[in-house]
Every structure is written in structure tokens, then in C-alpha cells.
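For reference, upload-v3.tsv (TSV, N, CA, C and O atoms):
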```
chain	number	residue	atom	x	y	z
A	1	MET	N	-32.71	132.06	233.89
A	1	MET	CA	-32.15	133.35	233.57
A	1	MET	C	-30.64	133.20	233.48
A	1	MET	O	-30.01	132.58	234.32
A	2	SER	N	-30.06	133.80	232.47
A	2	SER	CA	-28.60	133.75	232.33
A	2	SER	C	-28.05	135.17	232.36
A	2	SER	O	-28.68	136.11	231.92
A	3	PHE	N	-26.87	135.26	232.90
A	3	PHE	CA	-26.19	136.54	233.02
A	3	PHE	C	-24.95	136.52	232.15
A	3	PHE	O	-24.33	135.47	231.96
A	4	PRO	N	-24.56	137.68	231.62
A	4	PRO	CA	-23.35	137.72	230.79
A	4	PRO	C	-22.11	137.38	231.63
A	4	PRO	O	-22.05	137.67	232.82
A	5	THR	N	-21.16	136.78	231.00
A	5	THR	CA	-19.89	136.46	231.66
A	5	THR	C	-18.96	137.65	231.53
A	5	THR	O	-18.83	138.25	230.47
A	6	ILE	N	-18.32	138.01	232.63
A	6	ILE	CA	-17.35	139.11	232.64
A	6	ILE	C	-15.98	138.51	232.84
A	6	ILE	O	-15.77	137.74	233.78
A	7	ASP	N	-15.08	138.84	231.97
A	7	ASP	CA	-13.74	138.27	232.11
A	7	ASP	C	-13.07	138.80	233.37
A	7	ASP	O	-13.35	139.90	233.85
A	8	ARG	N	-12.21	138.00	233.97
A	8	ARG	CA	-11.63	138.30	235.28
A	8	ARG	C	-10.89	139.64	235.30
A	8	ARG	O	-10.99	140.40	236.26
A	9	THR	N	-10.16	139.97	234.25
A	9	THR	CA	-9.42	141.23	234.19
A	9	THR	C	-10.38	142.42	234.24
A	9	THR	O	-10.16	143.38	234.98
A	10	ALA	N	-11.47	142.35	233.47
A	10	ALA	CA	-12.46	143.42	233.47
A	10	ALA	C	-13.15	143.52	234.83
A	10	ALA	O	-13.40	144.63	235.33
A	11	LEU	N	-13.43	142.39	235.44
A	11	LEU	CA	-14.06	142.38	236.75
A	11	LEU	C	-13.16	143.05	237.79
A	11	LEU	O	-13.61	143.90	238.57
A	12	LEU	N	-11.89	142.70	237.81
A	12	LEU	CA	-10.95	143.29	238.77
A	12	LEU	C	-10.80	144.79	238.53
A	12	LEU	O	-10.67	145.57	239.47
A	13	ARG	N	-10.82	145.22	237.28
A	13	ARG	CA	-10.72	146.64	236.95
A	13	ARG	C	-11.93	147.40	237.52
A	13	ARG	O	-11.81	148.50	238.05
A	14	CYS	N	-13.11	146.79	237.46
A	14	CYS	CA	-14.33	147.42	237.99
A	14	CYS	C	-14.29	147.54	239.51
A	14	CYS	O	-14.97	148.39	240.09
A	15	LEU	N	-13.53	146.68	240.16
A	15	LEU	CA	-13.47	146.68	241.62
A	15	LEU	C	-12.38	147.59	242.19
A	15	LEU	O	-12.29	147.75	243.41
A	16	GLU	N	-11.58	148.20	241.33
A	16	GLU	CA	-10.53	149.10	241.81
A	16	GLU	C	-11.14	150.38	242.37
A	16	GLU	O	-12.14	150.87	241.86
A	17	PRO	N	-10.54	150.91	243.43
A	17	PRO	CA	-11.06	152.18	243.98
A	17	PRO	C	-10.92	153.30	242.95
A	17	PRO	O	-10.02	153.27	242.11
A	18	PRO	N	-11.79	154.29	242.99
A	18	PRO	CA	-11.70	155.39	242.03
A	18	PRO	C	-10.39	156.16	242.21
A	18	PRO	O	-9.87	156.28	243.32
A	19	ALA	N	-9.89	156.69	241.12
A	19	ALA	CA	-8.61	157.40	241.14
A	19	ALA	C	-8.76	158.82	241.69
A	19	ALA	O	-7.85	159.35	242.30
A	20	GLY	N	-9.89	159.43	241.48
A	20	GLY	CA	-10.07	160.82	241.93
A	20	GLY	C	-11.33	160.96	242.76
A	20	GLY	O	-11.91	159.96	243.20
A	21	PRO	N	-11.78	162.18	242.97
A	21	PRO	CA	-12.99	162.40	243.75
A	21	PRO	C	-14.21	161.72	243.11
A	21	PRO	O	-14.31	161.61	241.89
A	22	VAL	N	-15.09	161.25	243.95
A	22	VAL	CA	-16.31	160.58	243.52
A	22	VAL	C	-17.46	161.58	243.58
A	22	VAL	O	-17.67	162.23	244.60
A	23	SER	N	-18.18	161.73	242.48
A	23	SER	CA	-19.37	162.58	242.46
A	23	SER	C	-20.49	161.86	243.18
A	23	SER	O	-20.67	160.65	243.02
A	24	MET	N	-21.24	162.61	243.99
A	24	MET	CA	-22.30	161.99	244.77
A	24	MET	C	-23.46	162.94	245.00
A	24	MET	O	-23.31	164.15	244.87
A	25	VAL	N	-24.61	162.37	245.33
A	25	VAL	CA	-25.73	163.13	245.88
A	25	VAL	C	-26.02	162.51	247.24
A	25	VAL	O	-25.76	161.33	247.47
A	26	LEU	N	-26.54	163.31	248.14
A	26	LEU	CA	-26.86	162.82	249.48
A	26	LEU	C	-28.35	162.99	249.71
A	26	LEU	O	-28.88	164.10	249.63
A	27	ASP	N	-29.02	161.87	249.94
A	27	ASP	CA	-30.45	161.83	250.24
A	27	ASP	C	-30.55	161.62	251.74
A	27	ASP	O	-30.09	160.59	252.25
A	28	SER	N	-31.11	162.59	252.47
A	28	SER	CA	-30.97	162.55	253.91
A	28	SER	C	-32.18	163.15	254.64
A	28	SER	O	-32.69	164.19	254.25
A	29	ASP	N	-32.61	162.48	255.70
A	29	ASP	CA	-33.61	163.06	256.60
A	29	ASP	C	-32.87	163.77	257.73
A	29	ASP	O	-32.91	163.39	258.88
A	30	THR	N	-32.18	164.80	257.36
A	30	THR	CA	-31.20	165.49	258.20
A	30	THR	C	-31.75	165.97	259.54
A	30	THR	O	-31.04	165.98	260.52
A	31	TYR	N	-33.00	166.35	259.59
A	31	TYR	CA	-33.56	166.86	260.85
A	31	TYR	C	-33.92	165.73	261.81
A	31	TYR	O	-34.08	165.94	263.00
A	32	ASN	N	-34.00	164.52	261.31
A	32	ASN	CA	-34.48	163.39	262.11
A	32	ASN	C	-33.48	162.94	263.17
A	32	ASN	O	-33.84	162.77	264.33
A	33	GLU	N	-32.23	162.75	262.79
A	33	GLU	CA	-31.20	162.26	263.72
A	33	GLU	C	-29.87	162.93	263.41
A	33	GLU	O	-29.61	163.32	262.28
A	34	ILE	N	-28.99	162.99	264.37
A	34	ILE	CA	-27.72	163.72	264.25
A	34	ILE	C	-26.76	163.10	263.24
A	34	ILE	O	-25.93	163.80	262.67
A	35	ASP	N	-26.86	161.80	262.97
A	35	ASP	CA	-25.90	161.17	262.06
A	35	ASP	C	-25.93	161.78	260.66
A	35	ASP	O	-24.91	161.87	259.99
A	36	ASP	N	-27.11	162.21	260.23
A	36	ASP	CA	-27.20	162.79	258.89
A	36	ASP	C	-26.53	164.17	258.83
A	36	ASP	O	-25.99	164.54	257.80
A	37	GLN	N	-26.55	164.91	259.90
A	37	GLN	CA	-25.84	166.19	259.92
A	37	GLN	C	-24.34	165.96	259.77
A	37	GLN	O	-23.66	166.69	259.05
A	38	PHE	N	-23.83	164.93	260.42
A	38	PHE	CA	-22.42	164.58	260.26
A	38	PHE	C	-22.13	164.18	258.81
A	38	PHE	O	-21.09	164.54	258.26
A	39	ALA	N	-23.05	163.45	258.19
A	39	ALA	CA	-22.85	163.03	256.79
A	39	ALA	C	-22.78	164.23	255.86
A	39	ALA	O	-21.96	164.27	254.94
A	40	VAL	N	-23.64	165.22	256.09
A	40	VAL	CA	-23.62	166.44	255.27
A	40	VAL	C	-22.28	167.14	255.41
A	40	VAL	O	-21.61	167.46	254.41
A	41	VAL	N	-21.85	167.37	256.63
A	41	VAL	CA	-20.59	168.10	256.86
A	41	VAL	C	-19.41	167.29	256.34
A	41	VAL	O	-18.53	167.84	255.65
A	42	TYR	N	-19.36	166.01	256.63
A	42	TYR	CA	-18.25	165.17	256.17
A	42	TYR	C	-18.16	165.18	254.65
A	42	TYR	O	-17.06	165.32	254.09
A	43	SER	N	-19.30	165.05	253.97
A	43	SER	CA	-19.27	165.02	252.51
A	43	SER	C	-18.74	166.32	251.93
A	43	SER	O	-18.05	166.33	250.91
A	44	LEU	N	-19.05	167.44	252.58
A	44	LEU	CA	-18.56	168.73	252.09
A	44	LEU	C	-17.09	168.97	252.39
A	44	LEU	O	-16.39	169.64	251.64
A	45	LEU	N	-16.60	168.42	253.49
A	45	LEU	CA	-15.20	168.64	253.87
A	45	LEU	C	-14.24	167.61	253.25
A	45	LEU	O	-13.03	167.84	253.24
A	46	SER	N	-14.77	166.53	252.75
A	46	SER	CA	-13.94	165.47	252.18
A	46	SER	C	-13.31	165.90	250.86
A	46	SER	O	-13.98	166.49	250.01
A	47	ASP	N	-12.05	165.57	250.68
A	47	ASP	CA	-11.41	165.84	249.38
A	47	ASP	C	-11.60	164.66	248.43
A	47	ASP	O	-11.16	164.70	247.29
A	48	ARG	N	-12.28	163.62	248.88
A	48	ARG	CA	-12.54	162.43	248.04
A	48	ARG	C	-13.94	162.42	247.46
A	48	ARG	O	-14.28	161.53	246.68
A	49	LEU	N	-14.76	163.40	247.84
A	49	LEU	CA	-16.14	163.46	247.38
A	49	LEU	C	-16.43	164.81	246.75
A	49	LEU	O	-15.93	165.84	247.20
A	50	THR	N	-17.26	164.80	245.72
A	50	THR	CA	-17.78	166.02	245.12
A	50	THR	C	-19.30	165.95	245.23
A	50	THR	O	-19.93	165.11	244.59
A	51	VAL	N	-19.87	166.80	246.07
A	51	VAL	CA	-21.31	166.77	246.28
A	51	VAL	C	-21.99	167.51	245.14
A	51	VAL	O	-21.76	168.69	244.93
A	52	GLU	N	-22.83	166.79	244.41
A	52	GLU	CA	-23.57	167.39	243.30
A	52	GLU	C	-24.90	167.99	243.77
A	52	GLU	O	-25.36	168.97	243.22
A	53	ALA	N	-25.51	167.36	244.79
A	53	ALA	CA	-26.80	167.85	245.29
A	53	ALA	C	-27.12	167.20	246.63
A	53	ALA	O	-26.58	166.15	246.98
A	54	PHE	N	-28.02	167.86	247.35
A	54	PHE	CA	-28.60	167.31	248.57
A	54	PHE	C	-30.10	167.16	248.35
A	54	PHE	O	-30.73	168.07	247.80
A	55	TYR	N	-30.66	166.06	248.79
A	55	TYR	CA	-32.09	165.83	248.73
A	55	TYR	C	-32.61	165.62	250.15
A	55	TYR	O	-32.12	164.75	250.87
A	56	ALA	N	-33.55	166.44	250.55
A	56	ALA	CA	-34.16	166.31	251.88
A	56	ALA	C	-35.19	165.18	251.81
A	56	ALA	O	-36.13	165.22	251.02
A	57	ALA	N	-35.01	164.18	252.64
A	57	ALA	CA	-35.89	163.02	252.64
A	57	ALA	C	-37.01	163.19	253.67
A	57	ALA	O	-36.81	163.81	254.71
A	58	PRO	N	-38.17	162.62	253.38
A	58	PRO	CA	-39.27	162.70	254.34
A	58	PRO	C	-39.06	161.74	255.51
A	58	PRO	O	-38.38	160.73	255.38
A	59	PHE	N	-39.62	162.10	256.64
A	59	PHE	CA	-39.67	161.19	257.79
A	59	PHE	C	-40.90	161.57	258.60
A	59	PHE	O	-41.43	162.67	258.49
A	60	PHE	N	-41.37	160.64	259.41
A	60	PHE	CA	-42.54	160.88	260.25
A	60	PHE	C	-42.33	160.21	261.59
A	60	PHE	O	-42.21	158.99	261.68
A	61	ASN	N	-42.20	161.02	262.62
A	61	ASN	CA	-42.10	160.53	263.99
A	61	ASN	C	-42.51	161.68	264.91
A	61	ASN	O	-43.17	162.63	264.47
A	62	SER	N	-42.09	161.63	266.17
A	62	SER	CA	-42.49	162.66	267.12
A	62	SER	C	-41.91	164.04	266.81
A	62	SER	O	-42.37	165.04	267.36
A	63	ARG	N	-40.93	164.11	265.91
A	63	ARG	CA	-40.31	165.40	265.57
A	63	ARG	C	-40.99	166.07	264.38
A	63	ARG	O	-40.56	167.14	263.95
A	64	SER	N	-42.01	165.41	263.81
A	64	SER	CA	-42.69	165.98	262.64
A	64	SER	C	-44.18	165.67	262.71
A	64	SER	O	-44.60	164.73	263.38
A	65	SER	N	-44.96	166.46	262.00
A	65	SER	CA	-46.41	166.23	261.97
A	65	SER	C	-46.82	165.32	260.81
A	65	SER	O	-47.98	165.00	260.67
A	66	GLY	N	-45.87	164.94	259.98
A	66	GLY	CA	-46.14	164.06	258.84
A	66	GLY	C	-44.92	164.01	257.95
A	66	GLY	O	-43.96	164.77	258.15
A	67	PRO	N	-44.91	163.14	256.94
A	67	PRO	CA	-43.75	163.02	256.06
A	67	PRO	C	-43.36	164.32	255.36
A	67	PRO	O	-42.19	164.65	255.25
A	68	GLY	N	-44.37	165.07	254.90
A	68	GLY	CA	-44.07	166.34	254.23
A	68	GLY	C	-43.43	167.35	255.16
A	68	GLY	O	-42.49	168.05	254.78
A	69	ASP	N	-43.92	167.41	256.39
A	69	ASP	CA	-43.33	168.30	257.40
A	69	ASP	C	-41.90	167.86	257.73
A	69	ASP	O	-41.00	168.68	257.85
A	70	GLY	N	-41.70	166.54	257.84
A	70	GLY	CA	-40.36	166.03	258.11
A	70	GLY	C	-39.39	166.39	256.98
A	70	GLY	O	-38.25	166.78	257.23
A	71	MET	N	-39.87	166.28	255.74
A	71	MET	CA	-39.02	166.63	254.60
A	71	MET	C	-38.68	168.12	254.62
A	71	MET	O	-37.54	168.51	254.38
A	72	GLN	N	-39.66	168.96	254.92
A	72	GLN	CA	-39.41	170.41	254.97
A	72	GLN	C	-38.41	170.73	256.07
A	72	GLN	O	-37.50	171.55	255.87
A	73	LYS	N	-38.54	170.10	257.23
A	73	LYS	CA	-37.60	170.34	258.32
A	73	LYS	C	-36.19	169.87	257.95
A	73	LYS	O	-35.20	170.52	258.29
A	74	SER	N	-36.10	168.76	257.24
A	74	SER	CA	-34.78	168.29	256.78
A	74	SER	C	-34.18	169.25	255.77
A	74	SER	O	-32.98	169.54	255.80
A	75	TYR	N	-35.02	169.77	254.86
A	75	TYR	CA	-34.56	170.75	253.88
A	75	TYR	C	-33.99	171.98	254.60
A	75	TYR	O	-32.89	172.44	254.30
A	76	GLU	N	-34.73	172.49	255.58
A	76	GLU	CA	-34.29	173.67	256.32
A	76	GLU	C	-33.01	173.38	257.11
A	76	GLU	O	-32.14	174.25	257.23
A	77	GLU	N	-32.86	172.16	257.61
A	77	GLU	CA	-31.65	171.80	258.35
A	77	GLU	C	-30.43	171.75	257.41
A	77	GLU	O	-29.34	172.20	257.78
A	78	ILE	N	-30.61	171.23	256.22
A	78	ILE	CA	-29.50	171.22	255.24
A	78	ILE	C	-29.08	172.65	254.92
A	78	ILE	O	-27.90	172.98	254.91
A	79	VAL	N	-30.06	173.51	254.67
A	79	VAL	CA	-29.77	174.92	254.38
A	79	VAL	C	-29.04	175.56	255.56
A	79	VAL	O	-28.06	176.28	255.39
A	80	ARG	N	-29.49	175.28	256.78
A	80	ARG	CA	-28.86	175.84	257.98
A	80	ARG	C	-27.40	175.38	258.09
A	80	ARG	O	-26.51	176.18	258.39
A	81	LEU	N	-27.14	174.11	257.81
A	81	LEU	CA	-25.76	173.61	257.86
A	81	LEU	C	-24.89	174.29	256.81
A	81	LEU	O	-23.75	174.67	257.09
A	82	LEU	N	-25.42	174.43	255.60
A	82	LEU	CA	-24.65	175.09	254.54
A	82	LEU	C	-24.35	176.54	254.92
A	82	LEU	O	-23.23	177.03	254.70
A	83	GLU	N	-25.33	177.23	255.50
A	83	GLU	CA	-25.10	178.61	255.94
A	83	GLU	C	-24.01	178.68	257.00
A	83	GLU	O	-23.11	179.53	256.91
A	84	ARG	N	-24.05	177.79	257.96
A	84	ARG	CA	-23.04	177.81	259.04
A	84	ARG	C	-21.65	177.47	258.53
A	84	ARG	O	-20.65	177.88	259.12
A	85	MET	N	-21.60	176.71	257.45
A	85	MET	CA	-20.29	176.36	256.87
A	85	MET	C	-19.82	177.40	255.86
A	85	MET	O	-18.75	177.27	255.29
A	86	GLY	N	-20.66	178.42	255.61
A	86	GLY	CA	-20.29	179.45	254.65
A	86	GLY	C	-20.32	178.94	253.22
A	86	GLY	O	-19.61	179.45	252.36
A	87	ARG	N	-21.15	177.94	252.97
A	87	ARG	CA	-21.26	177.35	251.63
A	87	ARG	C	-22.47	177.95	250.91
A	87	ARG	O	-23.46	178.30	251.54
A	88	PRO	N	-22.40	178.00	249.58
A	88	PRO	CA	-23.56	178.52	248.84
A	88	PRO	C	-24.77	177.58	249.00
A	88	PRO	O	-24.61	176.36	249.08
A	89	ILE	N	-25.94	178.20	249.09
A	89	ILE	CA	-27.18	177.43	249.21
A	89	ILE	C	-27.66	177.13	247.79
A	89	ILE	O	-28.39	177.90	247.19
A	90	GLN	N	-27.17	176.03	247.27
A	90	GLN	CA	-27.56	175.63	245.91
A	90	GLN	C	-27.62	174.12	245.84
A	90	GLN	O	-27.00	173.44	246.64
A	91	ASN	N	-28.38	173.64	244.89
A	91	ASN	CA	-28.54	172.19	244.68
A	91	ASN	C	-29.05	171.48	245.93
A	91	ASN	O	-28.60	170.39	246.26
A	92	VAL	N	-30.00	172.13	246.62
A	92	VAL	CA	-30.69	171.50	247.75
A	92	VAL	C	-32.14	171.36	247.32
A	92	VAL	O	-32.79	172.34	246.94
A	93	TYR	N	-32.64	170.12	247.35
A	93	TYR	CA	-33.97	169.83	246.82
A	93	TYR	C	-34.82	169.08	247.84
A	93	TYR	O	-34.30	168.40	248.71
A	94	HIS	N	-36.13	169.21	247.69
A	94	HIS	CA	-37.04	168.38	248.45
A	94	HIS	C	-37.07	167.01	247.77
A	94	HIS	O	-37.17	166.93	246.55
A	95	GLY	N	-37.00	165.97	248.55
A	95	GLY	CA	-36.75	164.68	248.06
A	95	GLY	C	-37.61	163.72	247.48
A	95	GLY	O	-37.50	162.80	246.90
```
Using C-alpha cells, write down the structure that the file contains.
Amino acid sequence: MSFPTIDRTALLRCLEPPAGPVSMVLDSDTYNEIDDQFAVVYSLLSDRLTVEAFYAAPFFNSRSSGPGDGMQKSYEEIVRLLERMGRPIQNVYHG
């Protein structure tokens, strides 16, 4: 298998940090562990990120009765965080 050669100048240009805000989506099992709640809040408060959407991810452990239930609980947790932050409840999807 051969890969195309990228000239060094083009390669270095691709590795430069973005000049402005980065558009992103966040796929998260927010109800599962506290770190994802921090990720949701941080992404919304950051001036370097533009959140395009949130996707509630499934999980299955002692906090859920199955992957679908875990995903629904994560969806509800994302909505709850947005409400507490006074943000519009939009672009939140089941994952």
C-alpha cells in the first residue's frame, strides 16, 4: 500500500492550531459519570469552541436498566444542564 506524499510546508500548515473557534459536536454518556457534565459545561462556556450539537450516548451499568435507558438518562441530563445554564434546548439528540 502506498500513501501520497505531502510536502513539508503543507504538512506544517495542517498542524497549525486553528485561528478561530472550532466547531464541534459532543457525544456523551452524561448521566454515567461526572466528567461528561464538566465537558458539556466547559464546551458551552469556552470561547474557543462552537457547539453544533450534543448526542446522548448509551451506557449500561448499575445506573441504567440497559443501553437505551442509559441513553435516555444521558439525554435528560444534557437537557437539565442546558436548562440550568439558561441555554436553549436545541440540537440535543439521542445518539
Report task. Rank nothing, just name the residue among A:Ala10, A:Leu49, A:Met71, A:Ala19 nearest to Tyr31 in chain A, using all atoms listed in the file. Result -> A:Met71
Query raised in the report: Using the chain letters and numbers from this document, which residues of range 9-75 of chain A does DSSP assign to alpha helix (DSSP H), as a list of chain:residue names?
Result: A:Thr9, A:Ala10, A:Leu11, A:Leu12, A:Arg13, A:Cys14, A:Ile34, A:Asp35, A:Asp36, A:Gln37, A:Phe38, A:Ala39, A:Val40, A:Val41, A:Tyr42, A:Ser43, A:Leu44, A:Leu45, A:Pro67, A:Gly68, A:Asp69, A:Gly70, A:Met71, A:Gln72, A:Lys73, A:Ser74, A:Tyr75
Query raised in the report: At most 7 Å from (-23.6, 161.4, 249.0), file frame, only C-alpha atoms: which residues, as number ranges by chain?
Result: A: 24-27, 43, 51
Query raised in the report: Do you know which residues are at most 6 Å from range 58-66 of chain A counting only N, CA, C and O atoms, after dropping those on the same chain fewer than 6 positions away, and could you put them as a list in words?
Result: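 Residues near the query, excluding close chain neighbours: Ser28, Asp29 and Gly95 of chain A.
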Query raised in the report: Can you tell me, as a PyMOL selection string, what residues are no more than 9 Å from range 76-81 of chain A when counting only C-alpha atoms, ignoring any on the same chain fewer than 6 positions away?
Result: chain A and resi 28+30-31+37+40-41+54-56+87+89-90+92
Query raised in the report: What is the distance between atom N of Asn91 in chain A and CA of Ala53 in chain A, in Å to one decimal?
Result: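 Spanning atom N of Asn91 in chain A to CA of Ala53 in chain A is a straight-line distance of 6.0 Å.
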Query raised in the report: By how many Å are CA of Ile6 in chain A and CA of Arg48 in chain A apart?
Result: 28.4 Å
Report task. Could you tell me how far atom O of Arg13 in chain A lies from atom C of Tyr42 in chain A, in Å and to one decimal? Result ->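 So the answer is 24.4 Å.
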Set up a box along x, y and z of the file covering all listed atoms of range 83-87 of chain A, add 8 Å on every one of the six sides, and write the centre and edge lengths in Å to one decimal, as lines of an AutoDock Vina configuration file.
```
center_x = -22.0
center_y = 177.9
center_z = 255.0
size_x = 22.6
size_y = 19.2
size_z = 24.2
```
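Across A:Thr50, A:Phe3, A:Leu11, A:Glu33, the tightest approach to Lys73 in chain A is made by A:Glu33 when counting only C-alpha atoms.
Closest approach to Val22 in chain A from the set A:Gln72, A:Ser46, A:His94, A:Arg84 is made by A:Ser46, with distances taken over only C-alpha atoms.
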Query raised in the report: What residues in chain A get the DSSP label strand (DSSP E or B)? Please answer as a count of residues only.
Result: 18
Query raised in the report: Using only C-alpha atoms, which residue out of A:Asp36, A:Asp7, A:Pro17, A:Leu45 lies closest to Gly86 in chain A?
Result: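 Answer, going by the shortest atom-to-atom distance: A:Leu45.
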**Report entry** Of the listed residues A:Met85, A:Ser23, A:Ala57, A:Leu12, that which approaches Asp69 in chain A most closely, counting only N, CA, C and O atoms
**Finding:**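 Among the listed residues, A:Ala57 lies closest to Asp69 in chain A.
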Query raised in the report: Nearest to Pro21 in chain A among A:Glu52, A:Glu83, A:Asp47, A:Asp35, with distances taken over all atoms listed in the file: which residue is it?
Result: A:Asp47
Once all heavy atoms are restored for range 15-24 of chain A, what would the output be as a PDB file, in the coordinates of the input?
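Contents of the output file rebuild21.pdb:
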```pdb
ATOM      1  N   LEU A  15     -13.530 146.680 240.160  1.00  0.00           N
ATOM      2  CA  LEU A  15     -13.470 146.680 241.620  1.00  0.00           C
ATOM      3  C   LEU A  15     -12.380 147.590 242.190  1.00  0.00           C
ATOM      4  O   LEU A  15     -12.290 147.750 243.410  1.00  0.00           O
ATOM      5  CB  LEU A  15     -13.262 145.248 242.126  1.00  0.00           C
ATOM      6  CG  LEU A  15     -14.416 144.290 241.837  1.00  0.00           C
ATOM      7  CD1 LEU A  15     -14.025 142.876 242.227  1.00  0.00           C
ATOM      8  CD2 LEU A  15     -15.671 144.723 242.563  1.00  0.00           C
ATOM      9  N   GLU A  16     -11.580 148.200 241.330  1.00  0.00           N
ATOM     10  CA  GLU A  16     -10.530 149.100 241.810  1.00  0.00           C
ATOM     11  C   GLU A  16     -11.140 150.380 242.370  1.00  0.00           C
ATOM     12  O   GLU A  16     -12.140 150.870 241.860  1.00  0.00           O
ATOM     13  CB  GLU A  16      -9.580 149.457 240.656  1.00  0.00           C
ATOM     14  CG  GLU A  16      -8.735 148.305 240.184  1.00  0.00           C
ATOM     15  CD  GLU A  16      -7.866 148.664 238.997  1.00  0.00           C
ATOM     16  OE1 GLU A  16      -7.836 149.853 238.599  1.00  0.00           O
ATOM     17  OE2 GLU A  16      -7.227 147.753 238.460  1.00  0.00           O
ATOM     18  N   PRO A  17     -10.540 150.910 243.430  1.00  0.00           N
ATOM     19  CA  PRO A  17     -11.060 152.180 243.980  1.00  0.00           C
ATOM     20  C   PRO A  17     -10.920 153.300 242.950  1.00  0.00           C
ATOM     21  O   PRO A  17     -10.020 153.270 242.110  1.00  0.00           O
ATOM     22  CB  PRO A  17     -10.163 152.450 245.183  1.00  0.00           C
ATOM     23  CG  PRO A  17      -9.277 151.279 245.355  1.00  0.00           C
ATOM     24  CD  PRO A  17      -9.404 150.404 244.153  1.00  0.00           C
ATOM     25  N   PRO A  18     -11.790 154.290 242.990  1.00  0.00           N
ATOM     26  CA  PRO A  18     -11.700 155.390 242.030  1.00  0.00           C
ATOM     27  C   PRO A  18     -10.390 156.160 242.210  1.00  0.00           C
ATOM     28  O   PRO A  18      -9.870 156.280 243.320  1.00  0.00           O
ATOM     29  CB  PRO A  18     -12.902 156.272 242.367  1.00  0.00           C
ATOM     30  CG  PRO A  18     -13.420 155.797 243.668  1.00  0.00           C
ATOM     31  CD  PRO A  18     -12.887 154.432 243.923  1.00  0.00           C
ATOM     32  N   ALA A  19      -9.890 156.690 241.120  1.00  0.00           N
ATOM     33  CA  ALA A  19      -8.610 157.400 241.140  1.00  0.00           C
ATOM     34  C   ALA A  19      -8.760 158.820 241.690  1.00  0.00           C
ATOM     35  O   ALA A  19      -7.850 159.350 242.300  1.00  0.00           O
ATOM     36  CB  ALA A  19      -8.025 157.454 239.731  1.00  0.00           C
ATOM     37  N   GLY A  20      -9.890 159.430 241.480  1.00  0.00           N
ATOM     38  CA  GLY A  20     -10.070 160.820 241.930  1.00  0.00           C
ATOM     39  C   GLY A  20     -11.330 160.960 242.760  1.00  0.00           C
ATOM     40  O   GLY A  20     -11.910 159.960 243.200  1.00  0.00           O
ATOM     41  N   PRO A  21     -11.780 162.180 242.970  1.00  0.00           N
ATOM     42  CA  PRO A  21     -12.990 162.400 243.750  1.00  0.00           C
ATOM     43  C   PRO A  21     -14.210 161.720 243.110  1.00  0.00           C
ATOM     44  O   PRO A  21     -14.310 161.610 241.890  1.00  0.00           O
ATOM     45  CB  PRO A  21     -13.173 163.916 243.726  1.00  0.00           C
ATOM     46  CG  PRO A  21     -11.832 164.468 243.410  1.00  0.00           C
ATOM     47  CD  PRO A  21     -11.163 163.436 242.548  1.00  0.00           C
ATOM     48  N   VAL A  22     -15.090 161.250 243.950  1.00  0.00           N
ATOM     49  CA  VAL A  22     -16.310 160.580 243.520  1.00  0.00           C
ATOM     50  C   VAL A  22     -17.460 161.580 243.580  1.00  0.00           C
ATOM     51  O   VAL A  22     -17.670 162.230 244.600  1.00  0.00           O
ATOM     52  CB  VAL A  22     -16.624 159.382 244.452  1.00  0.00           C
ATOM     53  CG1 VAL A  22     -17.946 158.740 244.098  1.00  0.00           C
ATOM     54  CG2 VAL A  22     -15.494 158.371 244.413  1.00  0.00           C
ATOM     55  N   SER A  23     -18.180 161.730 242.480  1.00  0.00           N
ATOM     56  CA  SER A  23     -19.370 162.580 242.460  1.00  0.00           C
ATOM     57  C   SER A  23     -20.490 161.860 243.180  1.00  0.00           C
ATOM     58  O   SER A  23     -20.670 160.650 243.020  1.00  0.00           O
ATOM     59  CB  SER A  23     -19.797 162.878 241.026  1.00  0.00           C
ATOM     60  OG  SER A  23     -18.836 163.672 240.397  1.00  0.00           O
ATOM     61  N   MET A  24     -21.240 162.610 243.990  1.00  0.00           N
ATOM     62  CA  MET A  24     -22.300 161.990 244.770  1.00  0.00           C
ATOM     63  C   MET A  24     -23.460 162.940 245.000  1.00  0.00           C
ATOM     64  O   MET A  24     -23.310 164.150 244.870  1.00  0.00           O
ATOM     65  CB  MET A  24     -21.759 161.541 246.126  1.00  0.00           C
ATOM     66  CG  MET A  24     -21.279 162.712 246.972  1.00  0.00           C
ATOM     67  SD  MET A  24     -21.065 162.390 248.728  1.00  0.00           S
ATOM     68  CE  MET A  24     -22.712 162.239 249.319  1.00  0.00           C
TER      69      MET A  24
END
```
